Amino acid sequence: MSTDSEPSAAAKPSSWRAQAVQLVAIVMAVFVAKGALAEPFYVPSGSMEPTLLIGDALLASKYPYGYGAASLPIQITLPETGRVFGETPKRGDVVVFRWPGDRSQAWVKRVVGLPGDRIQMRQGQLFINDHAATLKPDGLGEAEDDSGSSERAYRYVETLPNGVTHAIFKMRDNGQLDNTPEITVPAGKLFVLGDNRDNSADSRVAVRDGGVGLLPIDNLVGRADAVVGSWDMGIRSQPVWTWLSGFRLARFFTAVN
């Protein structure tokens with residue numbers, strides 16, 4: 001009897017060790033995938049409406065712009081060493097980045113200005129190097145705020161000088177940020193805007209005032225490529241048994257334009 005039980009007892013620790021190695025390998029694979037390939041993020045505000053809605057779950061691809069400290073799935077302080085395999089975003093890309101005011105926060109905006117570009121807002125219209133981004137009226141929409149209330153917004157299709165087309169919201173004429181001085185984007189920086197132009201603290205607003213200012217390229221996490229899920233946060237005020245109806249199934253696994 002004793003000889004039969006000894007191999008079984010000896011095999012048990014080995015089995016536990018094998019399982020532990022497998023678990024570590026899985027954890028490392030997930031960590032590498034999040035660090036090197038893509039990472040999910042949640043949209044908590046309406047600054048990118050109508051492109052992104054409050055409650056959207058984004059997938060940000062990390063490889064398009066290379067890798068830096070901001071790309072890590074956990075935030076640790078590292079010496080500034082630039083980016084490995086670094087690439088500059090294209091005008092019109094929707095990017096996830098670490099907010100310069102607090103790098104623990106991930107924000108999302110649209111790139112409209114690259115290093116060397118001259119950017120200006122004139123009466124609510126974007127100008128890049130003195131070329132106007134064209135605006136085509138596209139009816140009305142509802143801009144939702146963080147409290148779940150909504151406001152009527154004019155919807156436009158904006159076309160950047162390089163041909164990239166996307167929708168924006170304008171809630172009012174002569175908004176606070178509709179007229180800005182011309183700014184030349186310095187090397188290593190980007191000019192970013194929210195698609196909800198009257199409700200976005202972006203490069204038109206300094207970091208000290210709660211905005212992005214000119215975004216350092218080293219703060220990029222990745223490019224927002226897809227909405228993988230979406231839930232209407234406004235339904236939280238309704239009975240719990242109705243919450244399943246808050247899933248916006250039509251937005252699941254859709255591309256970000």
# chains A, B, ... in the order shown; residues from 1 in each chain; ligands from 1

$ residues_around --residues "stretch 217-226 of chain A" --least-positions-apart "6" --cutoff "7 Å" --atoms "only C-alpha atoms" --output "list in words"
Leu58, Leu59, Ala60, Ser61, Lys62, Pro64, Tyr65, Gly68, Ala70, Ser71, Gly82, Arg83, Asp93, Val94, Val95, Val96, Phe97, Arg98, Gly188, Lys189, Leu190, Phe253, Thr254, Ala255 and Val256 of chain A

$ write_last_selection --atoms "N, CA and C atoms" --output "mmCIF file, in the first residue's frame"
data_model
loop_
_atom_site.group_PDB
_atom_site.id
_atom_site.type_symbol
_atom_site.label_atom_id
_atom_site.label_comp_id
_atom_site.auth_asym_id
_atom_site.auth_seq_id
_atom_site.Cartn_x
_atom_site.Cartn_y
_atom_site.Cartn_z
ATOM 1 N N LEU A 58 -13.919 51.581 -24.966
ATOM 2 C CA LEU A 58 -13.014 51.704 -26.117
ATOM 3 C C LEU A 58 -11.923 50.646 -26.085
ATOM 4 N N LEU A 59 -11.407 50.343 -27.253
ATOM 5 C CA LEU A 59 -10.190 49.558 -27.348
ATOM 6 C C LEU A 59 -9.146 50.422 -28.042
ATOM 7 N N ALA A 60 -8.063 50.718 -27.325
ATOM 8 C CA ALA A 60 -7.000 51.567 -27.864
ATOM 9 C C ALA A 60 -5.823 50.707 -28.305
ATOM 10 N N SER A 61 -5.486 50.783 -29.590
ATOM 11 C CA SER A 61 -4.333 50.053 -30.131
ATOM 12 C C SER A 61 -3.057 50.828 -29.824
ATOM 13 N N LYS A 62 -2.039 50.140 -29.312
ATOM 14 C CA LYS A 62 -0.831 50.829 -28.856
ATOM 15 C C LYS A 62 0.288 50.864 -29.893
ATOM 16 N N PRO A 64 0.383 51.642 -33.123
ATOM 17 C CA PRO A 64 0.526 52.645 -34.190
ATOM 18 C C PRO A 64 1.499 53.769 -33.870
ATOM 19 N N TYR A 65 1.641 54.144 -32.598
ATOM 20 C CA TYR A 65 2.490 55.284 -32.245
ATOM 21 C C TYR A 65 3.744 54.879 -31.474
ATOM 22 N N GLY A 68 6.010 54.046 -24.970
ATOM 23 C CA GLY A 68 6.702 54.858 -23.985
ATOM 24 C C GLY A 68 6.153 54.539 -22.609
ATOM 25 N N ALA A 70 3.929 56.024 -20.973
ATOM 26 C CA ALA A 70 2.472 56.171 -20.940
ATOM 27 C C ALA A 70 1.760 54.934 -21.475
ATOM 28 N N SER A 71 2.477 54.074 -22.217
ATOM 29 C CA SER A 71 1.855 52.888 -22.801
ATOM 30 C C SER A 71 1.652 51.767 -21.792
ATOM 31 N N GLY A 82 11.769 59.072 -24.213
ATOM 32 C CA GLY A 82 11.170 59.105 -25.534
ATOM 33 C C GLY A 82 10.404 57.828 -25.811
ATOM 34 N N ARG A 83 10.072 57.613 -27.079
ATOM 35 C CA ARG A 83 9.256 56.466 -27.470
ATOM 36 C C ARG A 83 10.060 55.520 -28.352
ATOM 37 N N ASP A 93 -6.888 61.399 -36.264
ATOM 38 C CA ASP A 93 -6.853 60.234 -35.383
ATOM 39 C C ASP A 93 -7.490 60.573 -34.036
ATOM 40 N N VAL A 94 -8.248 59.638 -33.502
ATOM 41 C CA VAL A 94 -8.762 59.748 -32.135
ATOM 42 C C VAL A 94 -7.785 59.012 -31.225
ATOM 43 N N VAL A 95 -7.241 59.715 -30.249
ATOM 44 C CA VAL A 95 -6.157 59.160 -29.444
ATOM 45 C C VAL A 95 -6.520 59.134 -27.960
ATOM 46 N N VAL A 96 -6.013 58.107 -27.285
ATOM 47 C CA VAL A 96 -6.069 58.021 -25.827
ATOM 48 C C VAL A 96 -4.703 58.436 -25.301
ATOM 49 N N PHE A 97 -4.704 59.263 -24.248
ATOM 50 C CA PHE A 97 -3.436 59.779 -23.731
ATOM 51 C C PHE A 97 -3.527 60.009 -22.229
ATOM 52 N N ARG A 98 -2.373 60.151 -21.613
ATOM 53 C CA ARG A 98 -2.294 60.507 -20.199
ATOM 54 C C ARG A 98 -2.403 62.024 -20.086
ATOM 55 N N GLY A 188 7.370 67.827 -30.898
ATOM 56 C CA GLY A 188 7.057 66.929 -29.792
ATOM 57 C C GLY A 188 5.692 67.129 -29.176
ATOM 58 N N LYS A 189 4.852 67.996 -29.776
ATOM 59 C CA LYS A 189 3.526 68.278 -29.217
ATOM 60 C C LYS A 189 2.442 68.053 -30.274
ATOM 61 N N LEU A 190 1.191 67.970 -29.817
ATOM 62 C CA LEU A 190 0.030 67.819 -30.686
ATOM 63 C C LEU A 190 -1.051 68.798 -30.231
ATOM 64 N N PHE A 253 -18.723 46.655 -30.982
ATOM 65 C CA PHE A 253 -17.773 46.265 -32.021
ATOM 66 C C PHE A 253 -17.934 47.110 -33.285
ATOM 67 N N THR A 254 -17.939 48.420 -33.078
ATOM 68 C CA THR A 254 -17.984 49.360 -34.198
ATOM 69 C C THR A 254 -16.694 50.163 -34.248
ATOM 70 N N ALA A 255 -16.312 50.615 -35.433
ATOM 71 C CA ALA A 255 -15.081 51.358 -35.606
ATOM 72 C C ALA A 255 -15.257 52.797 -35.141
ATOM 73 N N VAL A 256 -14.173 53.386 -34.659
ATOM 74 C CA VAL A 256 -14.155 54.794 -34.275
ATOM 75 C C VAL A 256 -13.663 55.606 -35.473
#

$ residues_around --residues "stretch 45-53 of chain A" --least-positions-apart "5" --cutoff "8 Å" --atoms "only C-alpha atoms" --output "list in words"
Val108, Lys109, Ala143, Glu144, Asp145, Asp146, His166, Ala167, Ile168, Phe169, Gly194, Asp195, Asn196, Arg197, Asn199, Ser200, Ala201, Val256 and Asn257 of chain A

$ write_last_selection --atoms "C-alpha atoms" --output "short mmCIF file (atom, residue, chain, number, x, y, z; two decimals), in the first residue's frame"
data_model
loop_
_atom_site.label_atom_id
_atom_site.label_comp_id
_atom_site.auth_asym_id
_atom_site.auth_seq_id
_atom_site.Cartn_x
_atom_site.Cartn_y
_atom_site.Cartn_z
CA VAL A 108 -9.48 60.82 -25.34
CA LYS A 109 -9.53 63.55 -28.01
CA ALA A 143 -25.52 66.21 -26.31
CA GLU A 144 -25.53 64.39 -22.97
CA ASP A 145 -23.67 65.68 -19.93
CA ASP A 146 -22.16 63.78 -17.00
CA HIS A 166 -16.10 63.02 -38.91
CA ALA A 167 -19.14 64.37 -37.05
CA ILE A 168 -19.04 67.16 -34.47
CA PHE A 169 -21.54 68.89 -32.18
CA GLY A 194 -13.05 67.22 -28.59
CA ASP A 195 -15.77 66.60 -31.17
CA ASN A 196 -18.29 68.21 -28.79
CA ARG A 197 -16.77 71.61 -29.46
CA ASN A 199 -18.08 71.02 -24.06
CA SER A 200 -14.44 69.98 -24.28
CA ALA A 201 -11.44 71.06 -22.22
CA VAL A 256 -14.16 54.79 -34.28
CA ASN A 257 -14.09 57.36 -37.09
#

$ atom_distance --atom1 "atom CA of A:Ala187" --atom2 "atom CA of A:Pro216"
9.0 Å

$ select_by_dssp --residues "stretch 218-252 of chain A" --states "strand (DSSP E or B)" --output "list in words"
Leu220, Val221, Gly222, Arg223, Ala224, Asp225, Ala226, Val227, Val228, Gly229, Ser230, Trp231 and Phe247 of chain A

$ residues_around --residues "A:Met121" --least-positions-apart "6" --cutoff "9 Å" --atoms "only C-alpha atoms" --output "PDB file with all heavy atoms, in the first residue's frame"
ATOM      1  N   PHE A 127      -9.217  76.195 -38.414  1.00  0.00           N
ATOM      2  CA  PHE A 127      -8.286  76.495 -39.496  1.00  0.00           C
ATOM      3  C   PHE A 127      -6.939  75.841 -39.189  1.00  0.00           C
ATOM      4  O   PHE A 127      -6.408  75.979 -38.090  1.00  0.00           O
ATOM      5  CB  PHE A 127      -8.100  78.009 -39.654  1.00  0.00           C
ATOM      6  CG  PHE A 127      -9.226  78.695 -40.371  1.00  0.00           C
ATOM      7  CD1 PHE A 127     -10.436  78.929 -39.721  1.00  0.00           C
ATOM      8  CD2 PHE A 127      -9.097  79.096 -41.693  1.00  0.00           C
ATOM      9  CE1 PHE A 127     -11.485  79.555 -40.372  1.00  0.00           C
ATOM     10  CE2 PHE A 127     -10.145  79.720 -42.357  1.00  0.00           C
ATOM     11  CZ  PHE A 127     -11.344  79.949 -41.694  1.00  0.00           C
ATOM     12  N   ILE A 128      -6.425  75.130 -40.192  1.00  0.00           N
ATOM     13  CA  ILE A 128      -5.113  74.487 -40.086  1.00  0.00           C
ATOM     14  C   ILE A 128      -4.229  75.049 -41.182  1.00  0.00           C
ATOM     15  O   ILE A 128      -4.518  74.879 -42.372  1.00  0.00           O
ATOM     16  CB  ILE A 128      -5.228  72.952 -40.227  1.00  0.00           C
ATOM     17  CG1 ILE A 128      -6.199  72.384 -39.179  1.00  0.00           C
ATOM     18  CG2 ILE A 128      -3.858  72.288 -40.100  1.00  0.00           C
ATOM     19  CD1 ILE A 128      -6.481  70.903 -39.354  1.00  0.00           C
ATOM     20  N   LEU A 177     -14.980  79.149 -26.645  1.00  0.00           N
ATOM     21  CA  LEU A 177     -13.732  78.719 -27.276  1.00  0.00           C
ATOM     22  C   LEU A 177     -13.811  78.779 -28.797  1.00  0.00           C
ATOM     23  O   LEU A 177     -13.005  78.152 -29.484  1.00  0.00           O
ATOM     24  CB  LEU A 177     -13.386  77.292 -26.819  1.00  0.00           C
ATOM     25  CG  LEU A 177     -13.196  77.107 -25.317  1.00  0.00           C
ATOM     26  CD1 LEU A 177     -13.026  75.641 -24.974  1.00  0.00           C
ATOM     27  CD2 LEU A 177     -11.993  77.906 -24.824  1.00  0.00           C
ATOM     28  N   ASP A 178     -14.764  79.539 -29.328  1.00  0.00           N
ATOM     29  CA  ASP A 178     -14.952  79.606 -30.775  1.00  0.00           C
ATOM     30  C   ASP A 178     -13.932  80.488 -31.480  1.00  0.00           C
ATOM     31  O   ASP A 178     -13.775  80.404 -32.703  1.00  0.00           O
ATOM     32  CB  ASP A 178     -16.354  80.116 -31.108  1.00  0.00           C
ATOM     33  CG  ASP A 178     -17.387  79.003 -31.053  1.00  0.00           C
ATOM     34  OD1 ASP A 178     -16.990  77.844 -30.841  1.00  0.00           O
ATOM     35  OD2 ASP A 178     -18.587  79.299 -31.219  1.00  0.00           O
ATOM     36  N   ASN A 179     -13.277  81.382 -30.742  1.00  0.00           N
ATOM     37  CA  ASN A 179     -12.261  82.264 -31.327  1.00  0.00           C
ATOM     38  C   ASN A 179     -10.996  82.203 -30.475  1.00  0.00           C
ATOM     39  O   ASN A 179     -11.029  82.520 -29.286  1.00  0.00           O
ATOM     40  CB  ASN A 179     -12.785  83.703 -31.404  1.00  0.00           C
ATOM     41  CG  ASN A 179     -13.940  83.837 -32.384  1.00  0.00           C
ATOM     42  OD1 ASN A 179     -13.743  83.877 -33.590  1.00  0.00           O
ATOM     43  ND2 ASN A 179     -15.158  83.900 -31.854  1.00  0.00           N
ATOM     44  N   THR A 180      -9.914  81.767 -31.094  1.00  0.00           N
ATOM     45  CA  THR A 180      -8.655  81.612 -30.366  1.00  0.00           C
ATOM     46  C   THR A 180      -7.519  82.251 -31.167  1.00  0.00           C
ATOM     47  O   THR A 180      -7.612  82.384 -32.394  1.00  0.00           O
ATOM     48  CB  THR A 180      -8.324  80.126 -30.137  1.00  0.00           C
ATOM     49  OG1 THR A 180      -8.109  79.484 -31.410  1.00  0.00           O
ATOM     50  CG2 THR A 180      -9.451  79.418 -29.400  1.00  0.00           C
ATOM     51  N   PRO A 181      -6.450  82.626 -30.493  1.00  0.00           N
ATOM     52  CA  PRO A 181      -5.281  83.104 -31.243  1.00  0.00           C
ATOM     53  C   PRO A 181      -4.645  81.954 -32.024  1.00  0.00           C
ATOM     54  O   PRO A 181      -4.808  80.780 -31.669  1.00  0.00           O
ATOM     55  CB  PRO A 181      -4.350  83.616 -30.143  1.00  0.00           C
ATOM     56  CG  PRO A 181      -4.774  82.895 -28.911  1.00  0.00           C
ATOM     57  CD  PRO A 181      -6.249  82.687 -29.029  1.00  0.00           C
ATOM     58  N   GLU A 182      -3.948  82.293 -33.093  1.00  0.00           N
ATOM     59  CA  GLU A 182      -3.242  81.261 -33.853  1.00  0.00           C
ATOM     60  C   GLU A 182      -2.080  80.737 -33.029  1.00  0.00           C
ATOM     61  O   GLU A 182      -1.326  81.498 -32.440  1.00  0.00           O
ATOM     62  CB  GLU A 182      -2.734  81.822 -35.178  1.00  0.00           C
ATOM     63  CG  GLU A 182      -2.080  80.769 -36.061  1.00  0.00           C
ATOM     64  CD  GLU A 182      -1.610  81.335 -37.393  1.00  0.00           C
ATOM     65  OE1 GLU A 182      -0.491  81.912 -37.418  1.00  0.00           O
ATOM     66  OE2 GLU A 182      -2.348  81.217 -38.377  1.00  0.00           O
ATOM     67  N   ARG A 204      -7.378  73.953 -26.505  1.00  0.00           N
ATOM     68  CA  ARG A 204      -7.752  75.362 -26.422  1.00  0.00           C
ATOM     69  C   ARG A 204      -7.699  75.873 -24.987  1.00  0.00           C
ATOM     70  O   ARG A 204      -7.769  77.089 -24.759  1.00  0.00           O
ATOM     71  CB  ARG A 204      -9.156  75.571 -26.991  1.00  0.00           C
ATOM     72  CG  ARG A 204      -9.292  75.223 -28.474  1.00  0.00           C
ATOM     73  CD  ARG A 204     -10.746  75.242 -28.913  1.00  0.00           C
ATOM     74  NE  ARG A 204     -11.517  74.169 -28.283  1.00  0.00           N
ATOM     75  CZ  ARG A 204     -12.823  73.978 -28.453  1.00  0.00           C
ATOM     76  NH1 ARG A 204     -13.507  74.808 -29.247  1.00  0.00           N
ATOM     77  NH2 ARG A 204     -13.448  72.979 -27.865  1.00  0.00           N
TER      78      ARG A 204
END

$ residues_around --residues "A:Trp99" --least-positions-apart "2" --cutoff "9 Å" --atoms "only C-alpha atoms" --output "MDAnalysis selection string"
chainID A and resid 97 101:107 207 211:212 215 219

$ write_last_selection --atoms "N, CA, C and O atoms" --output "compact mmCIF listing (two decimals), in the first residue's frame"
# COMPACT_ATOMS: atom_id res chain seq x y z
N PHE A 97 -4.70 59.26 -24.25
CA PHE A 97 -3.44 59.78 -23.73
C PHE A 97 -3.53 60.01 -22.23
O PHE A 97 -4.63 60.05 -21.65
N GLY A 101 -1.97 67.03 -16.68
CA GLY A 101 -2.18 67.50 -15.32
C GLY A 101 -2.15 66.41 -14.28
O GLY A 101 -1.94 66.68 -13.09
N ASP A 102 -2.36 65.16 -14.68
CA ASP A 102 -2.38 64.01 -13.77
C ASP A 102 -2.29 62.76 -14.62
O ASP A 102 -3.28 62.31 -15.18
N ARG A 103 -1.10 62.19 -14.71
CA ARG A 103 -0.87 61.09 -15.64
C ARG A 103 -1.60 59.81 -15.26
O ARG A 103 -1.61 58.85 -16.03
N SER A 104 -2.23 59.78 -14.09
CA SER A 104 -3.03 58.61 -13.75
C SER A 104 -4.37 58.62 -14.49
O SER A 104 -5.06 57.60 -14.54
N GLN A 105 -4.73 59.76 -15.08
CA GLN A 105 -5.99 59.88 -15.81
C GLN A 105 -5.76 59.70 -17.31
O GLN A 105 -4.85 60.29 -17.89
N ALA A 106 -6.61 58.87 -17.93
CA ALA A 106 -6.55 58.67 -19.38
C ALA A 106 -7.69 59.45 -20.03
O ALA A 106 -8.85 59.31 -19.63
N TRP A 107 -7.37 60.29 -21.00
CA TRP A 107 -8.34 61.11 -21.73
C TRP A 107 -8.35 60.69 -23.19
O TRP A 107 -7.41 60.04 -23.68
N VAL A 207 -3.50 73.56 -19.23
CA VAL A 207 -3.55 72.52 -18.21
C VAL A 207 -3.92 73.12 -16.85
O VAL A 207 -4.71 72.54 -16.10
N GLY A 211 -7.59 72.01 -18.78
CA GLY A 211 -7.58 71.50 -20.15
C GLY A 211 -6.36 70.65 -20.44
O GLY A 211 -5.61 70.25 -19.55
N VAL A 212 -6.14 70.40 -21.72
CA VAL A 212 -5.01 69.57 -22.17
C VAL A 212 -3.80 70.43 -22.50
O VAL A 212 -2.66 70.01 -22.29
N LEU A 215 -0.48 68.90 -26.25
CA LEU A 215 -0.26 67.55 -25.72
C LEU A 215 1.11 67.00 -26.10
O LEU A 215 1.43 66.89 -27.29
N ASN A 219 2.96 61.44 -24.12
CA ASN A 219 1.82 61.07 -23.27
C ASN A 219 0.83 60.15 -23.97
O ASN A 219 -0.14 59.71 -23.36

$ closest_residue --among "A:Gln176, A:Ser230, A:Thr159, A:Gln238" --to "A:Pro137" --atoms "only C-alpha atoms"
A:Thr159

$ closest_residue --among "A:Asp173, A:Arg155, A:Asp117, A:Leu72" --to "A:His131" --atoms "only C-alpha atoms"
A:Asp117

$ atom_distance --atom1 "atom CA of A:Asn162" --atom2 "atom CA of A:Pro186"
19.9 Å

$ closest_residue --among "A:Gly210, A:Gly175, A:Lys136, A:Gly234" --to "A:Gly246" --atoms "only C-alpha atoms"
A:Gly234

$ atom_distance --atom1 "atom CA of A:Arg122" --atom2 "atom CA of A:Asn174"
9.6 Å

$ residues_around --residues "A:Tyr154" --least-positions-apart "3" --cutoff "6 Å" --atoms "only C-alpha atoms" --output "list in words"
Leu140, Phe169, Lys170 and Met171 of chain A
